Structures are given as C-alpha cells and as structure tokens.
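*Asks:* Pasting in a structure now, in structure tokens, and then I'll have a few things to ask.
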Amino acid sequence: MSSDNEVKVLSVDEYPLWDDLVMKSPQGSIFHTSKWMISCADLLSKKVVIYGYFSRGVLEGGCSLYEDRKFLFFPIATSTAAMSPYGGFIFKPFESSKVRENELFYNSIISTLIKEISSSYIYVSLTGSPAISDVRPFIQAGWKESAKYTYYFDLDEDIKNRISRNVRRTIQKAEKHGIIVEKKFDPDVYWMLHEKTYIKQGISSPVSREFLYRMINYIQKAECGELWIASTSDGLPIAAEIIIWDSNISHRWAAASDGEFSNLGATSLLLYMIFIEMYNKGFKKINLMAGNTPHLTKFISSFNPNLFPYFTVQKRIF
C-alpha cells in the first residue's frame, strides 16, 4: 500500500466523517449510517466496526460491519443485521469516462480493505447495496458470491397509470370499502399486525417486540421514516407499512397485515398512497425489497417495479 494510503478501524469520534461519506456515496444507505448500526447492534448484542480507507488523509471508502464474538476468541463479521438488508462497502463519488480508471479506483479500495478484514475474522459475509454491481475483486480474492434481488419503483406524476390494471381495481375496491389510510407512529398497532402476519405463515417473528419498538422509536426521533396504518371504516387497523429514507432513496422497511381482511385491498391502497407521499417529498425511487420471498414477490411485482440484483460475498478462514 502506498504510504499515502491507510486502512484503519474508525473511532467513534470519526463516525461523523463516515456518515458524511455515506450521505454522499452512491452506495450509501440508511443501513450504513453509524446511528442506525449502533441502534441495531445494541439490541442484537453485536459490536459495530467500521473500516475506513484514507488517501492522503481523506476518507475515500470503507466497510461497515457487525462483529459477533459468539465463537469465543474467533470473531465473525457481517455487513447486515436483523431488518438491515444492506451494508458493507461504500465509496466517494467517482465518475470517469474511462472504464479502466473507474475499475482501478474501486478495485484498489476493495482489495486493500478485504485484505485487512480477512485477517481479522474467521468468517465474513458482506451484502452490498444494489449500487455495487461488480464483485469480481472478491471472486478473484477467493470469496464466494451469490445474487439476491430487490424491486425499485420509479416515482413520478404518472404513478397510477404505471401500476397494473389489477392493482388499480384493488385500490378502487379498498376505496369503496371506506378504507382509511393515515400516518401514525403507533408501535402497539404495528406489533399486533406484525404478530398476525407471522402467525398466518406459521413461523415466529424474526425480531423481538423490544427490537421493533426501539427501532420504531429511533425512526420517529431521527425523523428518517414514517409509520402508515390502514384501517376499516369503523377504525379497525388491518395493514401497516414502515417507510424509511436516506439521501439517495426511500425504502419499504417493514410491512404487516391482518390476513382475515386481505380481500379488502387495504395493502394496495396503503402502498399507493405511500408512493404519492414519497414522490411529493422529492424522492425519485422507492426500494420495495421483497425480491427474494415468493409470496411477497407476487404482490410487489403487480405494481410493475424494476428488478435489480445485489450481491452477497463470503469468506471463511479456518
């Protein structure tokens, strides 16, 4: 490594520097931010570790990790945690008309960082945002890769005409049934619907009640998202969505519903109203997630979104 370049684990005092890079980086997301990560780590008994790549004293890239020492003295690290689908590598904006210059910039940072990370853990799993499309540096270094998928929906003034005819009919049905849609931070309602969602599937919730309550509280205080609730005409909550955002995009972070009322179309109306609100807030896209779960994919794809891949890379050192 050039003497002008340095890789190090950032101190807490350097986290504002990292968050500034996250905000500017095309790969950055709310899931990379130090405050989001610390909130999740505290609830999941993990440790936040952020590697920074400096060139001549300027932070040009880095990698955010959750460290877990459950295997005694053999730590493992992942870039994701419960309900945080992305993390890991980000880079400063760098756009050159020359392919070679772009690849040299990104590949040199990735190669330098993964050497340092590989020497610190017996197992590393990195899932990057969809903005990272080239994982060849990892493959060339002996890492294994696998693809995942997410859906992006473009937000503009023509939202209603771009969703499918069937969804438009479902929205009309919900309106005829008098479904009420409102923004309201009510974690009790959300947890009730969350439990019903997983009971219907016959599985346990992947997160605890405490986790959801505290993360909803964080989202409200940080003003980085909203909780939306759809109710019947007599006020019974039957569907809910939690939307969060960062400097790049809005995200459909979590959704829940009461399956007994699925025929009323509340979820479709709720999501449609959210699209309009996100467009009015100035967002160009919303990340709908749900690309890896068949029964969710069927619902989300009916809105005519665009499918995008993202990648997980893994390294075992035994």
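Residue numbering restarts at 1 for every chain of the structure tokens, chains are lettered A, B, ... in their displayed order, and ligands are numbered from 1 as they appear.
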Fewer than 6 positions away in the same chain doesn't count, so skip those; otherwise give me all residues within 12 Å of His295 of chain A, counting only C-alpha atoms, as a list in words.
*Replies:*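 The contact residues come out as Gln201, Ser301 and Ser302 of chain A.
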*Asks:* Can you spit out the residues from that selection as a short mmCIF file (atom, residue, chain, number, x, y, z; two decimals), in the first residue's frame, using N, CA, C and O atoms?
*Replies:*
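The resulting file, part04.cif, is reproduced below:
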```cif
data_model
loop_
_atom_site.label_atom_id
_atom_site.label_comp_id
_atom_site.auth_asym_id
_atom_site.auth_seq_id
_atom_site.Cartn_x
_atom_site.Cartn_y
_atom_site.Cartn_z
N GLN A 201 -48.32 -17.30 8.68
CA GLN A 201 -47.32 -18.09 7.96
C GLN A 201 -46.85 -19.31 8.76
O GLN A 201 -46.12 -20.15 8.25
N SER A 301 -44.58 -7.37 -7.43
CA SER A 301 -44.37 -7.30 -8.88
C SER A 301 -45.61 -6.81 -9.61
O SER A 301 -45.52 -6.33 -10.75
N SER A 302 -46.79 -6.91 -8.97
CA SER A 302 -48.02 -6.45 -9.62
C SER A 302 -48.05 -4.92 -9.78
O SER A 302 -48.88 -4.39 -10.52
#
```
*Asks:* Find the residues of segment 111-220 of chain A that sit at most 12 Å from segment 312-318 of chain A; for each, write down the nearest two atoms and how far apart they are in Å, to one decimal. Count only C-alpha atoms. Sort by chain, then by number going up, and give it as JSON lines.
*Replies:*
```
{"residue": "A:Ile114", "atom": "CA", "partner": "A:Lys315", "partner_atom": "CA", "distance": 9.7}
{"residue": "A:Lys115", "atom": "CA", "partner": "A:Lys315", "partner_atom": "CA", "distance": 11.1}
{"residue": "A:Ile117", "atom": "CA", "partner": "A:Lys315", "partner_atom": "CA", "distance": 10.0}
{"residue": "A:Ser118", "atom": "CA", "partner": "A:Lys315", "partner_atom": "CA", "distance": 7.6}
{"residue": "A:Ser119", "atom": "CA", "partner": "A:Ile317", "partner_atom": "CA", "distance": 8.6}
{"residue": "A:Ser120", "atom": "CA", "partner": "A:Ile317", "partner_atom": "CA", "distance": 9.6}
{"residue": "A:Tyr121", "atom": "CA", "partner": "A:Ile317", "partner_atom": "CA", "distance": 7.3}
{"residue": "A:Ile122", "atom": "CA", "partner": "A:Ile317", "partner_atom": "CA", "distance": 4.5}
{"residue": "A:Tyr123", "atom": "CA", "partner": "A:Arg316", "partner_atom": "CA", "distance": 4.5}
{"residue": "A:Val124", "atom": "CA", "partner": "A:Lys315", "partner_atom": "CA", "distance": 5.3}
{"residue": "A:Ser125", "atom": "CA", "partner": "A:Gln314", "partner_atom": "CA", "distance": 4.4}
{"residue": "A:Leu126", "atom": "CA", "partner": "A:Val313", "partner_atom": "CA", "distance": 5.3}
{"residue": "A:Thr127", "atom": "CA", "partner": "A:Thr312", "partner_atom": "CA", "distance": 4.2}
{"residue": "A:Gly128", "atom": "CA", "partner": "A:Thr312", "partner_atom": "CA", "distance": 6.7}
{"residue": "A:Ser129", "atom": "CA", "partner": "A:Thr312", "partner_atom": "CA", "distance": 9.5}
{"residue": "A:Pro130", "atom": "CA", "partner": "A:Thr312", "partner_atom": "CA", "distance": 10.4}
{"residue": "A:Ile132", "atom": "CA", "partner": "A:Thr312", "partner_atom": "CA", "distance": 10.3}
{"residue": "A:Ser133", "atom": "CA", "partner": "A:Thr312", "partner_atom": "CA", "distance": 10.7}
{"residue": "A:Asp134", "atom": "CA", "partner": "A:Val313", "partner_atom": "CA", "distance": 11.1}
{"residue": "A:Val135", "atom": "CA", "partner": "A:Val313", "partner_atom": "CA", "distance": 7.8}
{"residue": "A:Arg136", "atom": "CA", "partner": "A:Val313", "partner_atom": "CA", "distance": 10.1}
{"residue": "A:Pro137", "atom": "CA", "partner": "A:Val313", "partner_atom": "CA", "distance": 10.4}
{"residue": "A:Phe138", "atom": "CA", "partner": "A:Val313", "partner_atom": "CA", "distance": 7.0}
{"residue": "A:Ile139", "atom": "CA", "partner": "A:Val313", "partner_atom": "CA", "distance": 8.1}
{"residue": "A:Gln140", "atom": "CA", "partner": "A:Val313", "partner_atom": "CA", "distance": 11.5}
{"residue": "A:Ala141", "atom": "CA", "partner": "A:Lys315", "partner_atom": "CA", "distance": 9.3}
{"residue": "A:Gly142", "atom": "CA", "partner": "A:Lys315", "partner_atom": "CA", "distance": 7.5}
{"residue": "A:Trp143", "atom": "CA", "partner": "A:Lys315", "partner_atom": "CA", "distance": 5.0}
{"residue": "A:Lys144", "atom": "CA", "partner": "A:Gln314", "partner_atom": "CA", "distance": 5.2}
{"residue": "A:Glu145", "atom": "CA", "partner": "A:Val313", "partner_atom": "CA", "distance": 4.3}
{"residue": "A:Ser146", "atom": "CA", "partner": "A:Thr312", "partner_atom": "CA", "distance": 5.4}
{"residue": "A:Ala147", "atom": "CA", "partner": "A:Thr312", "partner_atom": "CA", "distance": 6.4}
{"residue": "A:Lys148", "atom": "CA", "partner": "A:Thr312", "partner_atom": "CA", "distance": 7.4}
{"residue": "A:Tyr149", "atom": "CA", "partner": "A:Thr312", "partner_atom": "CA", "distance": 10.7}
```
*Asks:* Using DSSP on the backbone coordinates, identify all residues within segment 87-304 of chain A classified as alpha helix (DSSP H); present the result as a ChimeraX atom specification.
*Replies:* /A:99-118,136-140,159-162,165-176,187-201,209-222,266-280,294-301
*Asks:* What parts of segment 44-248 of chain A does DSSP call strand (DSSP E or B)? I'd like the answer as a PyMOL selection string.
*Replies:* chain A and resi 47-55+58-68+76-78+81+84+88-91+123-127+144-154+180-183+225-231+237-245
*Asks:* Between A:Asn306, A:Ser262, A:Ser231, A:Ser29, which is the closest to Thr170 of chain A once you count only C-alpha atoms?
*Replies:* A:Ser262
*Asks:* Each residue of segment 178-248 of chain A lying at most 9 Å from segment 16-28 of chain A should get a row with its shortest atom-to-atom pair and the distance in Å to one decimal, counting only C-alpha atoms; could you produce that, ordered by chain and increasing number, as JSON lines?
*Replies:*
```
{"residue": "A:Asp246", "atom": "CA", "partner": "A:Met23", "partner_atom": "CA", "distance": 7.5}
{"residue": "A:Ser247", "atom": "CA", "partner": "A:Met23", "partner_atom": "CA", "distance": 5.8}
{"residue": "A:Asn248", "atom": "CA", "partner": "A:Pro26", "partner_atom": "CA", "distance": 7.4}
```
